[in-house]
2 protein chains.
Amino acid sequence: MDLVTLNDIRDAAERIRDAVVRTPLLPCPWADPGRPLWAKPESLQPIGAFKLRGAHNAIARLDERTRRRGVVAYSSGNHAQAVAYSARHFGVPAHIVMPDVTPQVKIDRTRECGAEVVLVPIAERESAADELVADRGAVLVPPFDHQDVIAGQGTAGLEIIADLPDVDVVLIPVSGGGLASGIGTAIKALSPDVQVIGVEPELAADTRDGLAAGARVDWPVERRSRTIADGLRSQPSELTFAHLSRVLDGVVTVGEREIRSAMAALASRARLVAEPSGAVALAAYLDHAGELPAGRTAAVISGGNVDPTLMVEMLTEHAAPARG
Amino acid sequence: MDLVTLNDIRDAAERIRDAVVRTPLLPCPWADPGRPLWAKPESLQPIGAFKLRGAHNAIARLDERTRRRGVVAYSSGNHAQAVAYSARHFGVPAHIVMPDVTPQVKIDRTRECGAEVVLVPIAERESAADELVADRGAVLVPPFDHQDVIAGQGTAGLEIIADLPDVDVVLIPVSGGGLASGIGTAIKALSPDVQVIGVEPELAADTRDGLAAGARVDWPVERRSRTIADGLRSQPSELTFAHLSRVLDGVVTVGEREIRSAMAALASRARLVAEPSGAVALAAYLDHAGELPAGRTAAVISGGNVDPTLMVEMLTEHAAPARG
């Protein structure tokens with residue numbers, strides 16, 4: 001199995017420059033001074049999540065004739081908007097297959113990016129996507145199980161090392177594992193001593209179990225779906241698991257209350273709107289210090305697409321009473 | 001009267017590099033495609049507002065012996081935290097004079113930055129600060145009425161032009177006028193055709209009136225205090241008014257409902273927590289298109305220090321019902 005290399009990630013960085021925001025590393029002076037903290041706010045990408053890095057790299061790598069036939073994705077989340085946004089950048093059609101139970105706001109956001117949204121019963125997602133690929137010669141862009149996608153996500157790792165060369169610890173949310181595979185590969189290649197730590201919800205900790213067992217462990221989807229972190233309910237593929245096995249120094253799991261509280265802290269202290277999945281790295285930093293290596297820490301805030309009503313709930317629960 | 005020059009601003013950019021975040025310009029794909037929009041999120045500075053640029057430049061310019069005697073500011077807002085943060089960066093004492101009615105959270109935030117907070121009756125602010133200056137030989141850092149402060153704020157303008165050389169319109173909140181003076185000076189020097197527009201609350205529109213009259217106009221403080229935008233209740237000094245007269249192509253005023261609605265839009269669409277003052281440029285873009293020049297527009301989001309309870313109010317009023 002070919003793993004992504006530092007050169008793949010450097011090439012990706014060149015390729016995505018025009019469409020992707022070079023996010024800053026934000027110092028967090030309110031954090032524990034003994035473990036200085038920086039936030040990497042991927043929530044500030046134009047579609048609100050890191051997914052644009054990988055999707056855009058994959059689409060940019062297609063030869064132009066192929067790309068003109070269009071791209072396809074099945075996703076109701078951030079990957080859908082990433083593929084739609086990138087396709088519009090190139091002026092090519094995007095067909096996004098979504099379950100017919102998808103909330104209207106997610107359908108609207110994806111259509112706003114110029115994509116054609118195809119609603120199907122949830123069980124038919126993959127077959128509907130395959131049909132679009134077969135009928136139109138369009139190219140399927142997978143959310144994580146692809147070298148080009150992993151290399152694109154890894155560009156965030158290059159930026160972390162460029163901005164904070166003496167970082168000691170990097171905390172990265174893990175779901176399908178594309179983000180942690182890419183960032184981990186970049187960081188281990190450039191600074192092998194940096195500790196790269198994956199973060200999962202306790203309620204979807206299949207990667208923690210898999211790495212402990214030395215092979216992927218399957219958690220049934222109903223079990224993974226219990227977490228509020230709806231972007232962290234996927235599981236690694238063989239390809240991402242192979243990367244994670246090489247690059248992760250550990251996995252920390254966080255509780256649901258910790259995730260909610262980290263969302264409130266990001267809003268009130270870092271002035272960032274994060275979705276639950278985007279807040280898990282901060283939750284690990286705040287509530288699991290004892291399980292983490294010491295030193296200068298970067299936490300990847302992976303996305304910010306959260307329903308305003310949920311944001312209100314978090315702020316009401318956690319921030320307002322404590323801070324007056 | 002010596003006005004700030006492009007060279008002053010370039011020197012400031014070198015000087016503040018270590019302490020200030022080089023904020024990105026964020027594309028807003030959800031905006032009107034006929035007037036593409038970018039946000040300049042100064043809310044992401046470590047103290048949550050642009051004020052760090054000016055305060056840090058002023059403190060960095062002091063000779064070291066003077067600086068070691070410490071710095072003084074009177075402010076209960078973002079300038080207080082900016083001076084405190086910068087003083088800690090240099091390892092020198094900061095004395096911040098605040099009215100004794102200041103909300104506890106603002107006192108705490110300033111103390112967190114390592115400053116000594118001196119609480120006095122509101123009428124004694126200036127005299128208490130003068131006393132600290134006289135007793136300790138400490139240096140007063142004014143919030144806007146100083147060349148070094150204006151030059152520091154102007155560094156955000158250099159960044160806008162560097163990131164978007166073909167910008168057509170820049171929208172900047174105006175209060176004491178340091179930010180708009182600095183950014184306007186940088187932009188007019190680099191790209192004289194860019195339209196630089198100040199934005200004020202309708203309820204604190206003294207600069208609009210002053211520019212129309214050709215001289216500063218005084219609005220009584222009770223009148224200015226009606227706006228929710230608590231960072232925009234100051235008035236220009238002779239120095240900033242002289243800059244504003246040269247660099248502003250116009251002033252647009254926004255209503256209170258428009259400010260609240262822009263805060264909600266920033267949270268739900270740009271994933272940014274903005275304070276009311278930080279949202280006025282977006283309010284002008286969204287609700288006053290007819291008064292604005294056409295073209296590629298950058299809106300400066302000047303700060304993000306908002307009480308979580310107010311944020312909850314905005315999101316509940318404007319975002320949740322509309323977007324479901």
# chains A, B, ... in the order shown; residues from 1 in each chain; ligands from 1
call {"tool": "select_by_dssp", "arguments": {"residues": "region 150-219 of chain B", "states": "alpha helix (DSSP H)", "output": "PyMOL selection string"}}
result
chain B and resi 150-163+178-190+206-213
call {"tool": "interface_residues", "arguments": {"of": "chain B", "to": "chain A", "cutoff": "10 Å", "atoms": "only C-alpha atoms", "output": "tab-separated table (two decimals) with all heavy atoms, in the first residue's frame"}}
result
chain	number	residue	atom	x	y	z
B	19	ALA	N	4.31	39.71	18.13
B	19	ALA	CA	3.25	39.68	19.15
B	19	ALA	C	1.86	39.69	18.55
B	19	ALA	O	0.89	39.39	19.24
B	19	ALA	CB	3.39	40.88	20.08
B	20	VAL	N	1.74	40.03	17.27
B	20	VAL	CA	0.44	40.26	16.66
B	20	VAL	C	0.19	39.18	15.62
B	20	VAL	O	1.10	38.77	14.91
B	20	VAL	CB	0.41	41.67	16.04
B	20	VAL	CG1	-0.81	41.88	15.18
B	20	VAL	CG2	0.47	42.73	17.15
B	21	VAL	N	-1.06	38.71	15.52
B	21	VAL	CA	-1.40	37.69	14.52
B	21	VAL	C	-1.55	38.35	13.16
B	21	VAL	O	-2.22	39.38	13.02
B	21	VAL	CB	-2.69	36.94	14.90
B	21	VAL	CG1	-3.18	36.06	13.76
B	21	VAL	CG2	-2.46	36.09	16.15
B	22	ARG	N	-0.94	37.76	12.16
B	22	ARG	CA	-1.09	38.17	10.78
B	22	ARG	C	-2.42	37.54	10.33
B	22	ARG	O	-2.44	36.38	9.89
B	22	ARG	CB	0.10	37.63	10.00
B	22	ARG	CG	0.54	38.35	8.76
B	22	ARG	CD	-0.50	38.40	7.76
B	22	ARG	NE	-0.01	38.90	6.48
B	22	ARG	CZ	-0.83	39.09	5.46
B	22	ARG	NH1	-2.11	38.84	5.58
B	22	ARG	NH2	-0.36	39.52	4.32
B	23	THR	N	-3.52	38.28	10.50
B	23	THR	CA	-4.84	37.69	10.23
B	23	THR	C	-5.05	37.48	8.72
B	23	THR	O	-4.60	38.30	7.91
B	23	THR	CB	-5.97	38.59	10.77
B	23	THR	OG1	-5.82	39.90	10.24
B	23	THR	CG2	-5.93	38.65	12.30
B	24	PRO	N	-5.72	36.40	8.36
B	24	PRO	CA	-5.99	36.16	6.93
B	24	PRO	C	-7.16	37.03	6.46
B	24	PRO	O	-7.87	37.63	7.28
B	24	PRO	CB	-6.39	34.69	6.90
B	24	PRO	CG	-7.02	34.44	8.24
B	24	PRO	CD	-6.29	35.35	9.22
B	25	LEU	N	-7.33	37.10	5.16
B	25	LEU	CA	-8.52	37.72	4.59
B	25	LEU	C	-9.42	36.56	4.18
B	25	LEU	O	-9.02	35.72	3.36
B	25	LEU	CB	-8.10	38.57	3.39
B	25	LEU	CG	-8.91	39.79	3.02
B	25	LEU	CD1	-9.21	40.69	4.20
B	25	LEU	CD2	-8.18	40.58	1.94
B	26	LEU	N	-10.60	36.47	4.79
B	26	LEU	CA	-11.44	35.28	4.61
B	26	LEU	C	-12.49	35.51	3.52
B	26	LEU	O	-13.34	36.40	3.66
B	26	LEU	CB	-12.16	34.96	5.92
B	26	LEU	CG	-11.27	34.73	7.14
B	26	LEU	CD1	-12.13	34.57	8.40
B	26	LEU	CD2	-10.39	33.50	6.94
B	27	PRO	N	-12.45	34.71	2.44
B	27	PRO	CA	-13.50	34.84	1.43
B	27	PRO	C	-14.85	34.44	2.02
B	27	PRO	O	-14.94	33.51	2.81
B	27	PRO	CB	-13.09	33.83	0.33
B	27	PRO	CG	-11.89	33.12	0.81
B	27	PRO	CD	-11.52	33.61	2.18
B	28	CYS	N	-15.90	35.16	1.63
B	28	CYS	CA	-17.26	34.90	2.14
B	28	CYS	C	-18.13	34.48	0.96
B	28	CYS	O	-18.82	35.32	0.37
B	28	CYS	CB	-17.82	36.16	2.79
B	28	CYS	SG	-16.82	36.76	4.16
B	29	PRO	N	-18.12	33.20	0.61
B	29	PRO	CA	-18.84	32.76	-0.59
B	29	PRO	C	-20.35	32.91	-0.47
B	29	PRO	O	-21.05	32.82	-1.47
B	29	PRO	CB	-18.43	31.28	-0.73
B	29	PRO	CG	-17.93	30.87	0.61
B	29	PRO	CD	-17.40	32.10	1.27
B	30	TRP	N	-20.84	33.15	0.73
B	30	TRP	CA	-22.28	33.30	0.97
B	30	TRP	C	-22.75	34.72	0.68
B	30	TRP	O	-23.93	35.02	0.72
B	30	TRP	CB	-22.61	32.95	2.42
B	30	TRP	CG	-21.61	33.52	3.39
B	30	TRP	CD1	-20.46	32.93	3.82
B	30	TRP	CD2	-21.64	34.81	4.01
B	30	TRP	NE1	-19.78	33.77	4.67
B	30	TRP	CE2	-20.48	34.92	4.82
B	30	TRP	CE3	-22.54	35.88	3.98
B	30	TRP	CZ2	-20.19	36.06	5.57
B	30	TRP	CZ3	-22.25	37.01	4.73
B	30	TRP	CH2	-21.08	37.08	5.51
B	41	PRO	N	-10.55	39.36	9.98
B	41	PRO	CA	-11.01	39.07	11.34
B	41	PRO	C	-10.01	39.46	12.42
B	41	PRO	O	-9.28	38.63	12.96
B	41	PRO	CB	-11.22	37.55	11.30
B	41	PRO	CG	-10.16	37.07	10.34
B	41	PRO	CD	-9.97	38.18	9.32
B	43	SER	N	-10.80	40.13	15.25
B	43	SER	CA	-11.30	39.43	16.44
B	43	SER	C	-10.40	38.27	16.84
B	43	SER	O	-10.48	37.79	17.97
B	43	SER	CB	-12.71	38.91	16.15
B	43	SER	OG	-12.70	38.18	14.92
B	44	LEU	N	-9.55	37.82	15.92
B	44	LEU	CA	-8.69	36.67	16.22
B	44	LEU	C	-7.34	37.05	16.82
B	44	LEU	O	-6.51	36.19	17.09
B	44	LEU	CB	-8.48	35.84	14.95
B	44	LEU	CG	-9.77	35.33	14.31
B	44	LEU	CD1	-9.46	34.53	13.05
B	44	LEU	CD2	-10.57	34.48	15.29
B	45	GLN	N	-7.11	38.33	17.04
B	45	GLN	CA	-5.90	38.72	17.78
B	45	GLN	C	-5.95	38.11	19.18
B	45	GLN	O	-7.04	37.86	19.70
B	45	GLN	CB	-5.80	40.25	17.88
B	45	GLN	CG	-5.58	40.95	16.54
B	45	GLN	CD	-4.26	40.58	15.87
B	45	GLN	OE1	-3.35	40.01	16.49
B	45	GLN	NE2	-4.17	40.90	14.59
B	46	PRO	N	-4.80	37.85	19.79
B	46	PRO	CA	-4.81	37.18	21.10
B	46	PRO	C	-5.67	37.87	22.15
B	46	PRO	O	-6.21	37.21	23.03
B	46	PRO	CB	-3.33	37.16	21.52
B	46	PRO	CG	-2.55	37.71	20.40
B	46	PRO	CD	-3.44	38.04	19.27
B	47	ILE	N	-5.83	39.17	22.06
B	47	ILE	CA	-6.72	39.86	23.02
B	47	ILE	C	-8.10	40.10	22.41
B	47	ILE	O	-8.93	40.78	23.02
B	47	ILE	CB	-6.12	41.19	23.51
B	47	ILE	CG1	-5.88	42.14	22.33
B	47	ILE	CG2	-4.83	40.99	24.28
B	47	ILE	CD1	-6.65	43.41	22.39
B	48	GLY	N	-8.34	39.57	21.22
B	48	GLY	CA	-9.68	39.65	20.64
B	48	GLY	C	-9.99	40.93	19.90
B	48	GLY	O	-11.15	41.19	19.60
B	85	TYR	N	-1.34	43.10	27.53
B	85	TYR	CA	-0.73	41.98	26.80
B	85	TYR	C	0.64	42.36	26.28
B	85	TYR	O	1.61	41.60	26.38
B	85	TYR	CB	-1.66	41.58	25.66
B	85	TYR	CG	-1.25	40.32	24.91
B	85	TYR	CD1	-1.69	39.08	25.33
B	85	TYR	CD2	-0.45	40.40	23.77
B	85	TYR	CE1	-1.34	37.93	24.65
B	85	TYR	CE2	-0.09	39.25	23.08
B	85	TYR	CZ	-0.54	38.01	23.52
B	85	TYR	OH	-0.19	36.88	22.83
B	103	PRO	N	-17.56	45.93	34.40
B	103	PRO	CA	-17.96	44.55	34.65
B	103	PRO	C	-16.76	43.68	35.05
B	103	PRO	O	-15.65	43.85	34.51
B	103	PRO	CB	-18.52	44.08	33.30
B	103	PRO	CG	-18.87	45.33	32.55
B	103	PRO	CD	-17.96	46.40	33.07
B	104	GLN	N	-17.00	42.78	36.00
B	104	GLN	CA	-15.93	41.96	36.56
B	104	GLN	C	-15.16	41.20	35.48
B	104	GLN	O	-13.94	41.05	35.56
B	104	GLN	CB	-16.52	40.98	37.59
B	104	GLN	CG	-15.48	40.25	38.43
B	104	GLN	CD	-14.61	41.19	39.27
B	104	GLN	OE1	-15.08	42.18	39.80
B	104	GLN	NE2	-13.33	40.87	39.37
B	105	VAL	N	-15.87	40.74	34.44
B	105	VAL	CA	-15.20	39.91	33.43
B	105	VAL	C	-14.09	40.71	32.73
B	105	VAL	O	-13.02	40.17	32.42
B	105	VAL	CB	-16.22	39.33	32.42
B	105	VAL	CG1	-16.95	40.42	31.66
B	105	VAL	CG2	-15.56	38.37	31.46
B	108	ASP	N	-11.17	40.95	35.12
B	108	ASP	CA	-10.47	39.66	35.18
B	108	ASP	C	-9.58	39.43	33.96
B	108	ASP	O	-8.44	38.99	34.07
B	108	ASP	CB	-11.48	38.51	35.28
B	108	ASP	CG	-12.23	38.53	36.60
B	108	ASP	OD1	-11.79	39.23	37.53
B	108	ASP	OD2	-13.27	37.83	36.70
B	109	ARG	N	-10.13	39.73	32.78
B	109	ARG	CA	-9.38	39.50	31.55
B	109	ARG	C	-8.09	40.33	31.53
B	109	ARG	O	-7.06	39.90	31.05
B	109	ARG	CB	-10.23	39.85	30.32
B	109	ARG	CG	-11.42	38.95	30.11
B	109	ARG	CD	-11.04	37.65	29.46
B	109	ARG	NE	-12.10	36.66	29.62
B	109	ARG	CZ	-13.08	36.44	28.74
B	109	ARG	NH1	-13.09	37.12	27.61
B	109	ARG	NH2	-14.02	35.54	28.97
B	112	GLU	N	-5.67	38.87	33.97
B	112	GLU	CA	-5.10	37.64	33.39
B	112	GLU	C	-3.87	37.96	32.54
B	112	GLU	O	-2.98	37.13	32.42
B	112	GLU	CB	-6.12	36.97	32.46
B	112	GLU	CG	-7.04	35.97	33.12
B	112	GLU	CD	-8.09	35.45	32.12
B	112	GLU	OE1	-7.78	35.33	30.92
B	112	GLU	OE2	-9.20	35.19	32.56
B	113	CYS	N	-3.89	39.13	31.90
B	113	CYS	CA	-2.74	39.52	31.08
B	113	CYS	C	-1.59	40.02	31.94
B	113	CYS	O	-0.56	40.47	31.41
B	113	CYS	CB	-3.13	40.61	30.09
B	113	CYS	SG	-4.30	40.09	28.83
B	264	ALA	N	-25.13	37.97	14.14
B	264	ALA	CA	-25.64	36.62	13.94
B	264	ALA	C	-25.12	36.03	12.62
B	264	ALA	O	-24.73	34.86	12.56
B	264	ALA	CB	-27.17	36.63	13.95
B	266	LEU	N	-22.31	36.80	11.10
B	266	LEU	CA	-20.89	36.46	11.24
B	266	LEU	C	-20.71	35.11	11.94
B	266	LEU	O	-19.86	34.32	11.56
B	266	LEU	CB	-20.16	37.57	12.01
B	266	LEU	CG	-19.86	38.80	11.15
B	266	LEU	CD1	-19.47	39.99	12.02
B	266	LEU	CD2	-18.74	38.51	10.14
B	267	ALA	N	-21.54	34.86	12.96
B	267	ALA	CA	-21.42	33.58	13.66
B	267	ALA	C	-21.87	32.43	12.78
B	267	ALA	O	-21.17	31.42	12.65
B	267	ALA	CB	-22.24	33.62	14.96
B	268	SER	N	-23.02	32.58	12.11
B	268	SER	CA	-23.56	31.42	11.41
B	268	SER	C	-22.93	31.22	10.04
B	268	SER	O	-22.80	30.10	9.58
B	268	SER	CB	-25.09	31.51	11.30
B	268	SER	OG	-25.45	32.59	10.49
B	269	ARG	N	-22.49	32.29	9.39
B	269	ARG	CA	-21.95	32.14	8.04
B	269	ARG	C	-20.42	32.21	7.99
B	269	ARG	O	-19.78	31.51	7.22
B	269	ARG	CB	-22.56	33.17	7.08
B	269	ARG	CG	-24.08	33.15	7.00
B	269	ARG	CD	-24.69	31.77	6.76
B	269	ARG	NE	-24.14	30.97	5.70
B	269	ARG	CZ	-24.63	30.83	4.48
B	269	ARG	NH1	-25.72	31.48	4.13
B	269	ARG	NH2	-24.06	30.04	3.59
B	270	ALA	N	-19.82	33.09	8.78
B	270	ALA	CA	-18.35	33.23	8.74
B	270	ALA	C	-17.68	32.52	9.91
B	270	ALA	O	-16.46	32.50	9.99
B	270	ALA	CB	-17.96	34.71	8.73
B	271	ARG	N	-18.44	31.93	10.78
B	271	ARG	CA	-17.95	31.20	11.97
B	271	ARG	C	-17.06	32.08	12.84
B	271	ARG	O	-16.03	31.64	13.38
B	271	ARG	CB	-17.19	29.93	11.59
B	271	ARG	CG	-18.02	28.89	10.87
B	271	ARG	CD	-17.82	29.00	9.36
B	271	ARG	NE	-18.75	28.15	8.61
B	271	ARG	CZ	-18.85	28.20	7.27
B	271	ARG	NH1	-18.14	29.04	6.55
B	271	ARG	NH2	-19.71	27.42	6.66
B	272	LEU	N	-17.42	33.36	12.93
B	272	LEU	CA	-16.67	34.32	13.74
B	272	LEU	C	-17.55	34.88	14.84
B	272	LEU	O	-18.69	35.27	14.58
B	272	LEU	CB	-16.20	35.49	12.87
B	272	LEU	CG	-15.16	35.19	11.80
B	272	LEU	CD1	-14.96	36.42	10.91
B	272	LEU	CD2	-13.82	34.76	12.42
B	273	VAL	N	-17.01	34.93	16.05
B	273	VAL	CA	-17.68	35.63	17.14
B	273	VAL	C	-17.22	37.09	17.08
B	273	VAL	O	-16.03	37.37	17.25
B	273	VAL	CB	-17.32	35.01	18.50
B	273	VAL	CG1	-17.92	35.85	19.64
B	273	VAL	CG2	-17.82	33.57	18.57
B	274	ALA	N	-18.14	37.99	16.78
B	274	ALA	CA	-17.81	39.41	16.72
B	274	ALA	C	-18.59	40.15	17.80
B	274	ALA	O	-19.71	39.79	18.14
B	274	ALA	CB	-18.18	39.99	15.36
B	275	GLU	N	-17.97	41.19	18.36
B	275	GLU	CA	-18.70	42.06	19.25
B	275	GLU	C	-19.52	43.03	18.39
B	275	GLU	O	-19.28	43.13	17.18
B	275	GLU	CB	-17.74	42.80	20.19
B	275	GLU	CG	-16.71	43.66	19.49
B	275	GLU	CD	-15.63	44.15	20.47
B	275	GLU	OE1	-14.63	43.44	20.64
B	275	GLU	OE2	-15.82	45.23	21.04
B	303	GLY	N	-13.31	43.40	16.32
B	303	GLY	CA	-13.13	42.76	17.61
B	303	GLY	C	-14.18	41.71	17.91
B	303	GLY	O	-15.24	41.69	17.26
B	304	GLY	N	-13.89	40.87	18.89
B	304	GLY	CA	-14.79	39.76	19.21
B	304	GLY	C	-15.04	39.59	20.70
B	304	GLY	O	-15.41	38.50	21.13
B	305	ASN	N	-14.86	40.65	21.48
B	305	ASN	CA	-15.05	40.52	22.92
B	305	ASN	C	-16.48	40.84	23.31
B	305	ASN	O	-16.83	41.98	23.62
B	305	ASN	CB	-14.06	41.42	23.66
B	305	ASN	CG	-12.65	40.86	23.53
B	305	ASN	OD1	-12.47	39.63	23.57
B	305	ASN	ND2	-11.66	41.72	23.37
B	306	VAL	N	-17.29	39.81	23.29
B	306	VAL	CA	-18.72	39.98	23.54
B	306	VAL	C	-19.12	39.03	24.66
B	306	VAL	O	-18.63	37.90	24.74
B	306	VAL	CB	-19.53	39.73	22.25
B	306	VAL	CG1	-19.22	38.38	21.66
B	306	VAL	CG2	-21.02	39.85	22.48
B	307	ASP	N	-20.00	39.50	25.52
B	307	ASP	CA	-20.51	38.65	26.57
B	307	ASP	C	-21.31	37.50	25.96
B	307	ASP	O	-22.13	37.71	25.08
B	307	ASP	CB	-21.41	39.50	27.46
B	307	ASP	CG	-21.71	38.80	28.74
B	307	ASP	OD1	-22.66	38.00	28.77
B	307	ASP	OD2	-20.99	39.04	29.72
B	308	PRO	N	-21.05	36.26	26.43
B	308	PRO	CA	-21.78	35.11	25.85
B	308	PRO	C	-23.30	35.28	25.91
B	308	PRO	O	-24.01	34.83	25.01
B	308	PRO	CB	-21.32	33.93	26.70
B	308	PRO	CG	-19.98	34.33	27.21
B	308	PRO	CD	-20.03	35.82	27.39
B	309	THR	N	-23.79	35.95	26.95
B	309	THR	CA	-25.25	36.11	27.03
B	309	THR	C	-25.77	37.00	25.89
B	309	THR	O	-26.85	36.77	25.37
B	309	THR	CB	-25.69	36.73	28.37
B	309	THR	OG1	-24.92	37.90	28.60
B	309	THR	CG2	-25.45	35.78	29.53
B	310	LEU	N	-24.98	37.99	25.50
B	310	LEU	CA	-25.39	38.84	24.38
B	310	LEU	C	-25.34	38.05	23.07
B	310	LEU	O	-26.22	38.15	22.21
B	310	LEU	CB	-24.48	40.07	24.30
B	310	LEU	CG	-24.86	41.10	23.22
B	310	LEU	CD1	-26.25	41.67	23.43
B	310	LEU	CD2	-23.84	42.25	23.18
B	311	MET	N	-24.31	37.23	22.94
B	311	MET	CA	-24.19	36.37	21.75
B	311	MET	C	-25.41	35.46	21.64
B	311	MET	O	-25.97	35.28	20.55
B	311	MET	CB	-22.91	35.54	21.91
B	311	MET	CG	-22.40	34.96	20.62
B	311	MET	SD	-21.81	36.28	19.53
B	311	MET	CE	-22.25	35.56	17.97
B	312	VAL	N	-25.83	34.91	22.76
B	312	VAL	CA	-27.00	34.03	22.77
B	312	VAL	C	-28.24	34.81	22.29
B	312	VAL	O	-29.03	34.33	21.47
B	312	VAL	CB	-27.24	33.46	24.18
B	312	VAL	CG1	-28.64	32.88	24.33
B	312	VAL	CG2	-26.18	32.41	24.50
B	313	GLU	N	-28.37	36.03	22.77
B	313	GLU	CA	-29.50	36.88	22.37
B	313	GLU	C	-29.52	37.09	20.85
B	313	GLU	O	-30.55	36.94	20.21
B	313	GLU	CB	-29.29	38.24	23.06
B	313	GLU	CG	-30.52	38.83	23.69
B	313	GLU	CD	-30.13	40.18	24.32
B	313	GLU	OE1	-30.19	41.19	23.61
B	313	GLU	OE2	-29.75	40.20	25.52
B	314	MET	N	-28.36	37.43	20.28
B	314	MET	CA	-28.27	37.69	18.83
B	314	MET	C	-28.65	36.46	18.04
B	314	MET	O	-29.40	36.52	17.08
B	314	MET	CB	-26.83	38.04	18.44
B	314	MET	CG	-26.24	39.21	19.14
B	314	MET	SD	-27.15	40.69	18.79
B	314	MET	CE	-27.21	41.38	20.44
B	315	LEU	N	-28.07	35.32	18.45
B	315	LEU	CA	-28.31	34.08	17.70
B	315	LEU	C	-29.78	33.69	17.80
B	315	LEU	O	-30.37	33.21	16.83
B	315	LEU	CB	-27.42	32.96	18.22
B	315	LEU	CG	-25.94	33.09	17.88
B	315	LEU	CD1	-25.12	32.04	18.62
B	315	LEU	CD2	-25.72	32.93	16.38
B	316	THR	N	-30.35	33.91	18.96
B	316	THR	CA	-31.75	33.52	19.17
B	316	THR	C	-32.68	34.42	18.35
B	316	THR	O	-33.61	33.95	17.70
B	316	THR	CB	-32.10	33.62	20.67
B	316	THR	OG1	-31.12	32.90	21.39
B	316	THR	CG2	-33.47	33.04	20.95
B	318	HIS	N	-31.92	36.29	15.59
B	318	HIS	CA	-31.76	36.45	14.15
B	318	HIS	C	-31.45	35.17	13.39
B	318	HIS	O	-31.90	35.00	12.27
B	318	HIS	CB	-30.63	37.44	13.86
B	318	HIS	CG	-30.99	38.82	14.26
B	318	HIS	ND1	-31.69	39.67	13.44
B	318	HIS	CD2	-30.79	39.49	15.42
B	318	HIS	CE1	-31.90	40.80	14.07
B	318	HIS	NE2	-31.35	40.73	15.26
B	319	ALA	N	-30.67	34.30	14.00
B	319	ALA	CA	-30.19	33.18	13.18
B	319	ALA	C	-31.12	31.99	13.26
B	319	ALA	O	-31.57	31.47	12.25
B	319	ALA	CB	-28.80	32.79	13.63
B	320	ALA	N	-31.42	31.58	14.47
B	320	ALA	CA	-32.09	30.29	14.63
B	320	ALA	C	-33.41	30.19	13.88
B	320	ALA	O	-33.61	29.28	13.09
B	320	ALA	CB	-32.27	29.99	16.11
B	321	PRO	N	-34.33	31.16	14.04
B	321	PRO	CA	-35.61	30.97	13.38
B	321	PRO	C	-35.48	30.99	11.86
B	321	PRO	O	-36.12	30.21	11.17
B	321	PRO	CB	-36.45	32.16	13.86
B	321	PRO	CG	-35.59	32.96	14.77
B	321	PRO	CD	-34.24	32.39	14.78
B	323	ARG	N	-33.00	30.09	9.93
B	323	ARG	CA	-32.24	29.05	9.23
B	323	ARG	C	-32.63	27.64	9.67
B	323	ARG	O	-32.23	26.67	9.06
B	323	ARG	CB	-30.75	29.25	9.44
B	323	ARG	CG	-30.31	30.63	9.00
B	323	ARG	CD	-28.81	30.84	9.09
B	323	ARG	NE	-28.49	32.25	8.97
B	323	ARG	CZ	-28.44	32.91	7.83
B	323	ARG	NH1	-28.67	32.28	6.70
B	323	ARG	NH2	-28.15	34.19	7.81
B	324	GLY	N	-33.33	27.59	10.77
B	324	GLY	CA	-33.85	26.30	11.25
B	324	GLY	C	-32.84	25.21	11.27
B	324	GLY	O	-33.06	24.17	10.72
call {"tool": "residues_around", "arguments": {"residues": "region 233-236 of chain A", "least_positions_apart": "3", "cutoff": "8 Å", "atoms": "only C-alpha atoms", "output": "PyMOL selection string"}}
result
chain A and resi 145+175-178+204+206-207+216+218+221+224-225+227+229-230+239-241
call {"tool": "residues_around", "arguments": {"residues": "Asp32 (chain B)", "least_positions_apart": "6", "cutoff": "10 Å", "atoms": "only C-alpha atoms", "output": "short mmCIF file (atom, residue, chain, number, x, y, z; two decimals) with all heavy atoms, in the first residue's frame"}}
result
data_model
loop_
_atom_site.label_atom_id
_atom_site.label_comp_id
_atom_site.auth_asym_id
_atom_site.auth_seq_id
_atom_site.Cartn_x
_atom_site.Cartn_y
_atom_site.Cartn_z
N TYR B 285 -22.27 46.46 4.68
CA TYR B 285 -22.26 45.66 3.44
C TYR B 285 -23.63 45.05 3.16
O TYR B 285 -24.14 45.09 2.04
CB TYR B 285 -21.20 44.56 3.55
CG TYR B 285 -21.23 43.59 2.39
CD1 TYR B 285 -20.51 43.83 1.22
CD2 TYR B 285 -22.02 42.44 2.45
CE1 TYR B 285 -20.57 42.95 0.15
CE2 TYR B 285 -22.09 41.56 1.39
CZ TYR B 285 -21.36 41.82 0.24
OH TYR B 285 -21.43 40.95 -0.82
N LEU B 286 -24.24 44.47 4.20
CA LEU B 286 -25.49 43.71 4.01
C LEU B 286 -26.69 44.62 3.80
O LEU B 286 -27.56 44.32 2.99
CB LEU B 286 -25.76 42.81 5.22
CG LEU B 286 -24.81 41.62 5.44
CD1 LEU B 286 -25.15 40.92 6.75
CD2 LEU B 286 -24.87 40.63 4.26
N ALA B 289 -26.12 48.44 0.70
CA ALA B 289 -25.45 48.25 -0.58
C ALA B 289 -25.59 49.47 -1.48
O ALA B 289 -24.64 49.87 -2.16
CB ALA B 289 -26.01 47.00 -1.29
#
call {"tool": "residues_around", "arguments": {"residues": "Ala80 (chain A)", "least_positions_apart": "6", "cutoff": "7 Å", "atoms": "only C-alpha atoms", "output": "list in words"}}
result
Ala73, Tyr74, Ile96 and Thr110 of chain A
